[in-house]
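A quick write-up on the structure given underneath.
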Amino acid sequence: MSHKPSPITTRPRPDAAHKQFPRAVFAKAQGVVTGRPVRDFLAEDEKTVAIIERANAALGTTTDHAGLLRDSWRSFLISLAPYSGAARLLEIALKATLTNAEFSTNYPVRPNGPATPAWVDEGGPIPLSTSNFANMPIGPAKKQASIVAWSRELSKRSDADAIMETMLREDVAAGLDAAFFASTAASDAANAGLLNGVMAGAGYAGGDSASAKKDLIALSDAVSDGGSGMVTFVVNPKRLARLRLLDPILSGSLDIVPSAAVPVDRIIAADGPALLVSVDTSPEIDITTNALLHMSDAPLEIVSDTGPTTADPVRSLWQTATVAVRIIHELAFAKRRSTAVAYLDGATW
């Protein structure tokens with residue numbers, strides 16, 4: 001007697017908050033594939049069940065118990081830090097809240113720094129601290145979206161949850177880094193990259209540990225003047241591997257993270273607390289087995305009204321027994337001061 005294979009159940013890991021979001025997405029997808037309740041795929045993980053079941057609409061599209069989704073989504077983004085420079089900056093940047101994602105918000109900043117409190121004699125008058133404030137705009141939030149697709153056969157593998165989570169992490173990390181470390185100006189579709197308006201420096205010659213130190217010191221000086229001194233360096237993974245070989249003590253003492261979005265010869269430095277970041281509190285998650293997709297990272301209309309032209313290649317999820325997850329989230333970020341980010345090109349080490 002044979003039994004129909006049953007899709008895997010995700011293992012409960014209640015101590016890992018950053019796991020709850022991808023776990024909820026995977027369980028939701030398993031439910032769509034099989035028609036079974038998502039509880040069947042979550043064992044005793046009640047927090048992840050709550051993220052799904054306490055939302056009255058599709059996952060992430062309701063404000064009911066929004067704190068659960070907000071916290072799990074933010075934890076998920078921050079957990080990308082070992083692979084994403086942008087995720088590290090999200091973790092240490094000043095948290096901004098947009099009252100309406102469609103409009104920009106002004107945050108007050110003090111260009112001349114904080115006022116120093118005075119020591120006052122007992123019974124003496126307390127001097128008034130005066131500061132000049134400037135408004136730093138952030139927003140409106142811009143939309144990032146990605147689609148991850150996999151077959152029903154993959155969903156039945158014992159490690160399917162890990163495979164899906166890996167794809168999800170890679171796509172979201174790549175999207176964040178491409179947005180943060182761009183040099184382009186703001187547009188209707190995207191935020192201004194952190195490198196926009198920043199003049200690139202030149203790397204020191206030599207190709208050794210000494211040149212690496214000179215590069216890092218120059219960038220650190222550039223972003224620390226008037227800042228917090230908490231410098232995060234973002235480099236290409238190959239550059240990070242080289243630094244660990246050249247000077248393992250130096251690399252271990254730095255807050256330095258890799259990003260595949262950064263060219264190999266580019267080094268970026270940022271004063272994380274001098275950045276403003278607004279993260280979506282309710283990302284939209286849609287799961288389907290019936291869509292028609294253009295399988296391309298430069299997607300077109302399936303059939304355009306000009307020509308007409310037809311996108312190629314196109315895949316029917318229903319015809320090929322495939323499930324797809326679409327994630328849409330909004331994000332806004334800005335520099336509190338123009339010198340919060342610096343970079344150089346032509347690193348030789």
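To be explicit about the labels: the chains of the structure tokens are called A, B, and onward in the order shown, and within each one the residues are counted from 1, while ligands get numbers from 1 in the order they are shown.
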I need the residues of range 84-200 of chain A that end up classed as strand (DSSP E) by DSSP on the backbone, written out as a PDB file with all heavy atoms, in the first residue's frame.
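New file result-v6.pdb:
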```
ATOM      1  N   LEU A  94      19.183  55.617  12.314  1.00  0.00           N
ATOM      2  CA  LEU A  94      18.089  56.195  13.079  1.00  0.00           C
ATOM      3  C   LEU A  94      16.773  55.767  12.449  1.00  0.00           C
ATOM      4  O   LEU A  94      16.583  55.896  11.239  1.00  0.00           O
ATOM      5  CB  LEU A  94      18.195  57.727  13.089  1.00  0.00           C
ATOM      6  CG  LEU A  94      17.142  58.488  13.887  1.00  0.00           C
ATOM      7  CD1 LEU A  94      17.242  58.155  15.367  1.00  0.00           C
ATOM      8  CD2 LEU A  94      17.288  59.988  13.669  1.00  0.00           C
ATOM      9  N   LYS A  95      15.870  55.240  13.266  1.00  0.00           N
ATOM     10  CA  LYS A  95      14.596  54.745  12.749  1.00  0.00           C
ATOM     11  C   LYS A  95      13.641  55.914  12.495  1.00  0.00           C
ATOM     12  O   LYS A  95      13.388  56.724  13.378  1.00  0.00           O
ATOM     13  CB  LYS A  95      13.956  53.766  13.737  1.00  0.00           C
ATOM     14  CG  LYS A  95      14.895  52.679  14.255  1.00  0.00           C
ATOM     15  CD  LYS A  95      15.540  51.886  13.139  1.00  0.00           C
ATOM     16  CE  LYS A  95      16.419  50.764  13.665  1.00  0.00           C
ATOM     17  NZ  LYS A  95      17.675  51.221  14.297  1.00  0.00           N
ATOM     18  N   THR A 105       8.571  63.294   4.684  1.00  0.00           N
ATOM     19  CA  THR A 105       8.488  63.814   6.040  1.00  0.00           C
ATOM     20  C   THR A 105       9.789  64.532   6.357  1.00  0.00           C
ATOM     21  O   THR A 105      10.869  64.066   5.990  1.00  0.00           O
ATOM     22  CB  THR A 105       8.272  62.680   7.055  1.00  0.00           C
ATOM     23  OG1 THR A 105       7.023  62.048   6.777  1.00  0.00           O
ATOM     24  CG2 THR A 105       8.254  63.213   8.478  1.00  0.00           C
ATOM     25  N   ASN A 106       9.691  65.682   7.034  1.00  0.00           N
ATOM     26  CA  ASN A 106      10.886  66.414   7.430  1.00  0.00           C
ATOM     27  C   ASN A 106      11.314  66.016   8.834  1.00  0.00           C
ATOM     28  O   ASN A 106      10.498  66.015   9.763  1.00  0.00           O
ATOM     29  CB  ASN A 106      10.635  67.925   7.389  1.00  0.00           C
ATOM     30  CG  ASN A 106      10.587  68.455   5.967  1.00  0.00           C
ATOM     31  OD1 ASN A 106      11.289  67.954   5.089  1.00  0.00           O
ATOM     32  ND2 ASN A 106       9.784  69.472   5.732  1.00  0.00           N
ATOM     33  N   TYR A 107      12.600  65.657   8.973  1.00  0.00           N
ATOM     34  CA  TYR A 107      13.165  65.362  10.286  1.00  0.00           C
ATOM     35  C   TYR A 107      14.116  66.485  10.675  1.00  0.00           C
ATOM     36  O   TYR A 107      14.964  66.882   9.881  1.00  0.00           O
ATOM     37  CB  TYR A 107      13.924  64.027  10.259  1.00  0.00           C
ATOM     38  CG  TYR A 107      13.046  62.858  10.623  1.00  0.00           C
ATOM     39  CD1 TYR A 107      12.088  62.390   9.729  1.00  0.00           C
ATOM     40  CD2 TYR A 107      13.154  62.241  11.859  1.00  0.00           C
ATOM     41  CE1 TYR A 107      11.271  61.323  10.058  1.00  0.00           C
ATOM     42  CE2 TYR A 107      12.346  61.169  12.197  1.00  0.00           C
ATOM     43  CZ  TYR A 107      11.401  60.731  11.290  1.00  0.00           C
ATOM     44  OH  TYR A 107      10.588  59.672  11.627  1.00  0.00           O
ATOM     45  N   PRO A 108      13.982  67.014  11.910  1.00  0.00           N
ATOM     46  CA  PRO A 108      14.867  68.103  12.335  1.00  0.00           C
ATOM     47  C   PRO A 108      16.273  67.589  12.632  1.00  0.00           C
ATOM     48  O   PRO A 108      16.447  66.574  13.294  1.00  0.00           O
ATOM     49  CB  PRO A 108      14.191  68.631  13.612  1.00  0.00           C
ATOM     50  CG  PRO A 108      13.419  67.467  14.138  1.00  0.00           C
ATOM     51  CD  PRO A 108      12.979  66.673  12.930  1.00  0.00           C
ATOM     52  N   VAL A 109      17.256  68.278  12.122  1.00  0.00           N
ATOM     53  CA  VAL A 109      18.657  67.952  12.420  1.00  0.00           C
ATOM     54  C   VAL A 109      19.367  69.232  12.842  1.00  0.00           C
ATOM     55  O   VAL A 109      18.967  70.331  12.471  1.00  0.00           O
ATOM     56  CB  VAL A 109      19.371  67.333  11.198  1.00  0.00           C
ATOM     57  CG1 VAL A 109      18.736  66.026  10.799  1.00  0.00           C
ATOM     58  CG2 VAL A 109      19.367  68.302  10.015  1.00  0.00           C
ATOM     59  N   ALA A 134      17.645  72.368  11.079  1.00  0.00           N
ATOM     60  CA  ALA A 134      17.341  72.313   9.652  1.00  0.00           C
ATOM     61  C   ALA A 134      16.471  71.090   9.405  1.00  0.00           C
ATOM     62  O   ALA A 134      16.522  70.114  10.161  1.00  0.00           O
ATOM     63  CB  ALA A 134      18.625  72.224   8.836  1.00  0.00           C
ATOM     64  N   ASN A 135      15.668  71.154   8.384  1.00  0.00           N
ATOM     65  CA  ASN A 135      14.775  70.037   8.061  1.00  0.00           C
ATOM     66  C   ASN A 135      15.423  69.120   7.031  1.00  0.00           C
ATOM     67  O   ASN A 135      15.888  69.566   5.983  1.00  0.00           O
ATOM     68  CB  ASN A 135      13.443  70.555   7.518  1.00  0.00           C
ATOM     69  CG  ASN A 135      12.571  71.149   8.608  1.00  0.00           C
ATOM     70  OD1 ASN A 135      12.588  70.667   9.737  1.00  0.00           O
ATOM     71  ND2 ASN A 135      11.820  72.187   8.283  1.00  0.00           N
ATOM     72  N   MET A 136      15.470  67.833   7.367  1.00  0.00           N
ATOM     73  CA  MET A 136      16.003  66.825   6.458  1.00  0.00           C
ATOM     74  C   MET A 136      14.839  65.992   5.929  1.00  0.00           C
ATOM     75  O   MET A 136      14.189  65.278   6.692  1.00  0.00           O
ATOM     76  CB  MET A 136      17.002  65.922   7.176  1.00  0.00           C
ATOM     77  CG  MET A 136      17.529  64.780   6.318  1.00  0.00           C
ATOM     78  SD  MET A 136      18.361  65.332   4.819  1.00  0.00           S
ATOM     79  CE  MET A 136      19.739  66.240   5.557  1.00  0.00           C
ATOM     80  N   PRO A 137      14.534  66.090   4.633  1.00  0.00           N
ATOM     81  CA  PRO A 137      13.399  65.321   4.109  1.00  0.00           C
ATOM     82  C   PRO A 137      13.739  63.850   3.919  1.00  0.00           C
ATOM     83  O   PRO A 137      14.857  63.502   3.530  1.00  0.00           O
ATOM     84  CB  PRO A 137      13.114  65.997   2.762  1.00  0.00           C
ATOM     85  CG  PRO A 137      14.430  66.565   2.344  1.00  0.00           C
ATOM     86  CD  PRO A 137      15.142  66.958   3.615  1.00  0.00           C
ATOM     87  N   ILE A 138      12.794  62.984   4.200  1.00  0.00           N
ATOM     88  CA  ILE A 138      12.912  61.558   3.894  1.00  0.00           C
ATOM     89  C   ILE A 138      11.589  61.102   3.298  1.00  0.00           C
ATOM     90  O   ILE A 138      10.514  61.488   3.765  1.00  0.00           O
ATOM     91  CB  ILE A 138      13.258  60.713   5.138  1.00  0.00           C
ATOM     92  CG1 ILE A 138      13.315  59.217   4.767  1.00  0.00           C
ATOM     93  CG2 ILE A 138      12.320  60.980   6.283  1.00  0.00           C
ATOM     94  CD1 ILE A 138      13.792  58.320   5.896  1.00  0.00           C
ATOM     95  N   LYS A 142       9.603  54.244  -1.454  1.00  0.00           N
ATOM     96  CA  LYS A 142       9.595  53.633  -2.782  1.00  0.00           C
ATOM     97  C   LYS A 142       9.365  52.125  -2.658  1.00  0.00           C
ATOM     98  O   LYS A 142       9.709  51.512  -1.655  1.00  0.00           O
ATOM     99  CB  LYS A 142      10.927  53.890  -3.496  1.00  0.00           C
ATOM    100  CG  LYS A 142      11.298  55.367  -3.598  1.00  0.00           C
ATOM    101  CD  LYS A 142      10.286  56.190  -4.371  1.00  0.00           C
ATOM    102  CE  LYS A 142      10.758  57.631  -4.502  1.00  0.00           C
ATOM    103  NZ  LYS A 142       9.799  58.465  -5.271  1.00  0.00           N
ATOM    104  N   LYS A 143       8.797  51.560  -3.677  1.00  0.00           N
ATOM    105  CA  LYS A 143       8.378  50.159  -3.647  1.00  0.00           C
ATOM    106  C   LYS A 143       9.437  49.253  -4.258  1.00  0.00           C
ATOM    107  O   LYS A 143       9.929  49.506  -5.359  1.00  0.00           O
ATOM    108  CB  LYS A 143       7.064  50.015  -4.415  1.00  0.00           C
ATOM    109  CG  LYS A 143       6.522  48.584  -4.476  1.00  0.00           C
ATOM    110  CD  LYS A 143       5.185  48.549  -5.195  1.00  0.00           C
ATOM    111  CE  LYS A 143       5.316  48.867  -6.661  1.00  0.00           C
ATOM    112  NZ  LYS A 143       4.035  48.742  -7.393  1.00  0.00           N
ATOM    113  N   GLN A 144       9.786  48.189  -3.534  1.00  0.00           N
ATOM    114  CA  GLN A 144      10.610  47.119  -4.075  1.00  0.00           C
ATOM    115  C   GLN A 144       9.767  45.852  -4.148  1.00  0.00           C
ATOM    116  O   GLN A 144       8.967  45.595  -3.249  1.00  0.00           O
ATOM    117  CB  GLN A 144      11.836  46.859  -3.198  1.00  0.00           C
ATOM    118  CG  GLN A 144      12.982  47.815  -3.441  1.00  0.00           C
ATOM    119  CD  GLN A 144      14.303  47.254  -2.974  1.00  0.00           C
ATOM    120  OE1 GLN A 144      14.367  46.489  -2.028  1.00  0.00           O
ATOM    121  NE2 GLN A 144      15.372  47.647  -3.633  1.00  0.00           N
ATOM    122  N   ALA A 145       9.954  45.089  -5.198  1.00  0.00           N
ATOM    123  CA  ALA A 145       9.156  43.876  -5.371  1.00  0.00           C
ATOM    124  C   ALA A 145      10.002  42.780  -5.988  1.00  0.00           C
ATOM    125  O   ALA A 145      10.902  43.043  -6.787  1.00  0.00           O
ATOM    126  CB  ALA A 145       7.938  44.157  -6.253  1.00  0.00           C
ATOM    127  N   SER A 146       9.725  41.551  -5.588  1.00  0.00           N
ATOM    128  CA  SER A 146      10.419  40.398  -6.160  1.00  0.00           C
ATOM    129  C   SER A 146       9.491  39.201  -6.169  1.00  0.00           C
ATOM    130  O   SER A 146       8.520  39.143  -5.410  1.00  0.00           O
ATOM    131  CB  SER A 146      11.692  40.071  -5.359  1.00  0.00           C
ATOM    132  OG  SER A 146      11.362  39.754  -4.017  1.00  0.00           O
ATOM    133  N   ILE A 147       9.790  38.267  -7.054  1.00  0.00           N
ATOM    134  CA  ILE A 147       9.006  37.035  -7.168  1.00  0.00           C
ATOM    135  C   ILE A 147       9.960  35.851  -7.092  1.00  0.00           C
ATOM    136  O   ILE A 147      10.979  35.821  -7.782  1.00  0.00           O
ATOM    137  CB  ILE A 147       8.214  36.980  -8.485  1.00  0.00           C
ATOM    138  CG1 ILE A 147       7.178  38.115  -8.535  1.00  0.00           C
ATOM    139  CG2 ILE A 147       7.526  35.626  -8.642  1.00  0.00           C
ATOM    140  CD1 ILE A 147       6.429  38.193  -9.859  1.00  0.00           C
ATOM    141  N   VAL A 148       9.630  34.901  -6.231  1.00  0.00           N
ATOM    142  CA  VAL A 148      10.383  33.659  -6.113  1.00  0.00           C
ATOM    143  C   VAL A 148       9.446  32.517  -6.516  1.00  0.00           C
ATOM    144  O   VAL A 148       8.339  32.405  -5.990  1.00  0.00           O
ATOM    145  CB  VAL A 148      10.896  33.435  -4.682  1.00  0.00           C
ATOM    146  CG1 VAL A 148      11.582  32.080  -4.562  1.00  0.00           C
ATOM    147  CG2 VAL A 148      11.858  34.555  -4.282  1.00  0.00           C
ATOM    148  N   ALA A 149       9.882  31.687  -7.445  1.00  0.00           N
ATOM    149  CA  ALA A 149       9.046  30.576  -7.921  1.00  0.00           C
ATOM    150  C   ALA A 149       9.781  29.254  -7.745  1.00  0.00           C
ATOM    151  O   ALA A 149      11.003  29.180  -7.900  1.00  0.00           O
ATOM    152  CB  ALA A 149       8.683  30.775  -9.399  1.00  0.00           C
ATOM    153  N   TRP A 150       9.031  28.216  -7.390  1.00  0.00           N
ATOM    154  CA  TRP A 150       9.611  26.871  -7.304  1.00  0.00           C
ATOM    155  C   TRP A 150       8.527  25.832  -7.587  1.00  0.00           C
ATOM    156  O   TRP A 150       7.329  26.110  -7.512  1.00  0.00           O
ATOM    157  CB  TRP A 150      10.289  26.633  -5.963  1.00  0.00           C
ATOM    158  CG  TRP A 150       9.392  26.556  -4.762  1.00  0.00           C
ATOM    159  CD1 TRP A 150       8.850  25.439  -4.220  1.00  0.00           C
ATOM    160  CD2 TRP A 150       8.964  27.633  -3.945  1.00  0.00           C
ATOM    161  NE1 TRP A 150       8.096  25.755  -3.119  1.00  0.00           N
ATOM    162  CE2 TRP A 150       8.149  27.110  -2.923  1.00  0.00           C
ATOM    163  CE3 TRP A 150       9.175  29.027  -3.969  1.00  0.00           C
ATOM    164  CZ2 TRP A 150       7.549  27.898  -1.948  1.00  0.00           C
ATOM    165  CZ3 TRP A 150       8.581  29.805  -3.004  1.00  0.00           C
ATOM    166  CH2 TRP A 150       7.791  29.242  -2.009  1.00  0.00           C
ATOM    167  N   SER A 151       8.954  24.630  -7.901  1.00  0.00           N
ATOM    168  CA  SER A 151       8.031  23.578  -8.322  1.00  0.00           C
ATOM    169  C   SER A 151       7.390  22.898  -7.122  1.00  0.00           C
ATOM    170  O   SER A 151       7.895  22.953  -5.995  1.00  0.00           O
ATOM    171  CB  SER A 151       8.769  22.528  -9.161  1.00  0.00           C
ATOM    172  OG  SER A 151       9.706  21.827  -8.348  1.00  0.00           O
TER     173      SER A 151
END
```
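Shell of Val223 in chain A at 6 Å, with only C-alpha atoms counted and residues fewer than 4 places along the chain excluded, is A:Asp271, A:Thr339, A:Ala340, A:Val341.
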> With distances taken over only C-alpha atoms, which of A:Pro308, A:Ser278, A:Phe21, A:Gly139 is nearest to Phe103 in chain A?
Replying inline: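 Smallest separation from Phe103 in chain A among the options: A:Gly139.
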> When DSSP works through the backbone of this structure, what residues of range 104-289 of chain A end up as alpha helix (DSSP H), shown as a VMD selection string?
Replying inline: chain A and resid 152 to 155 160 to 180 209 to 224 237 to 246 248 to 253
>> Between CA of Ala311 in chain A and CA of Thr166 in chain A, what is the distance in Å, rounded to a tenth?
In response: 27.9 Å
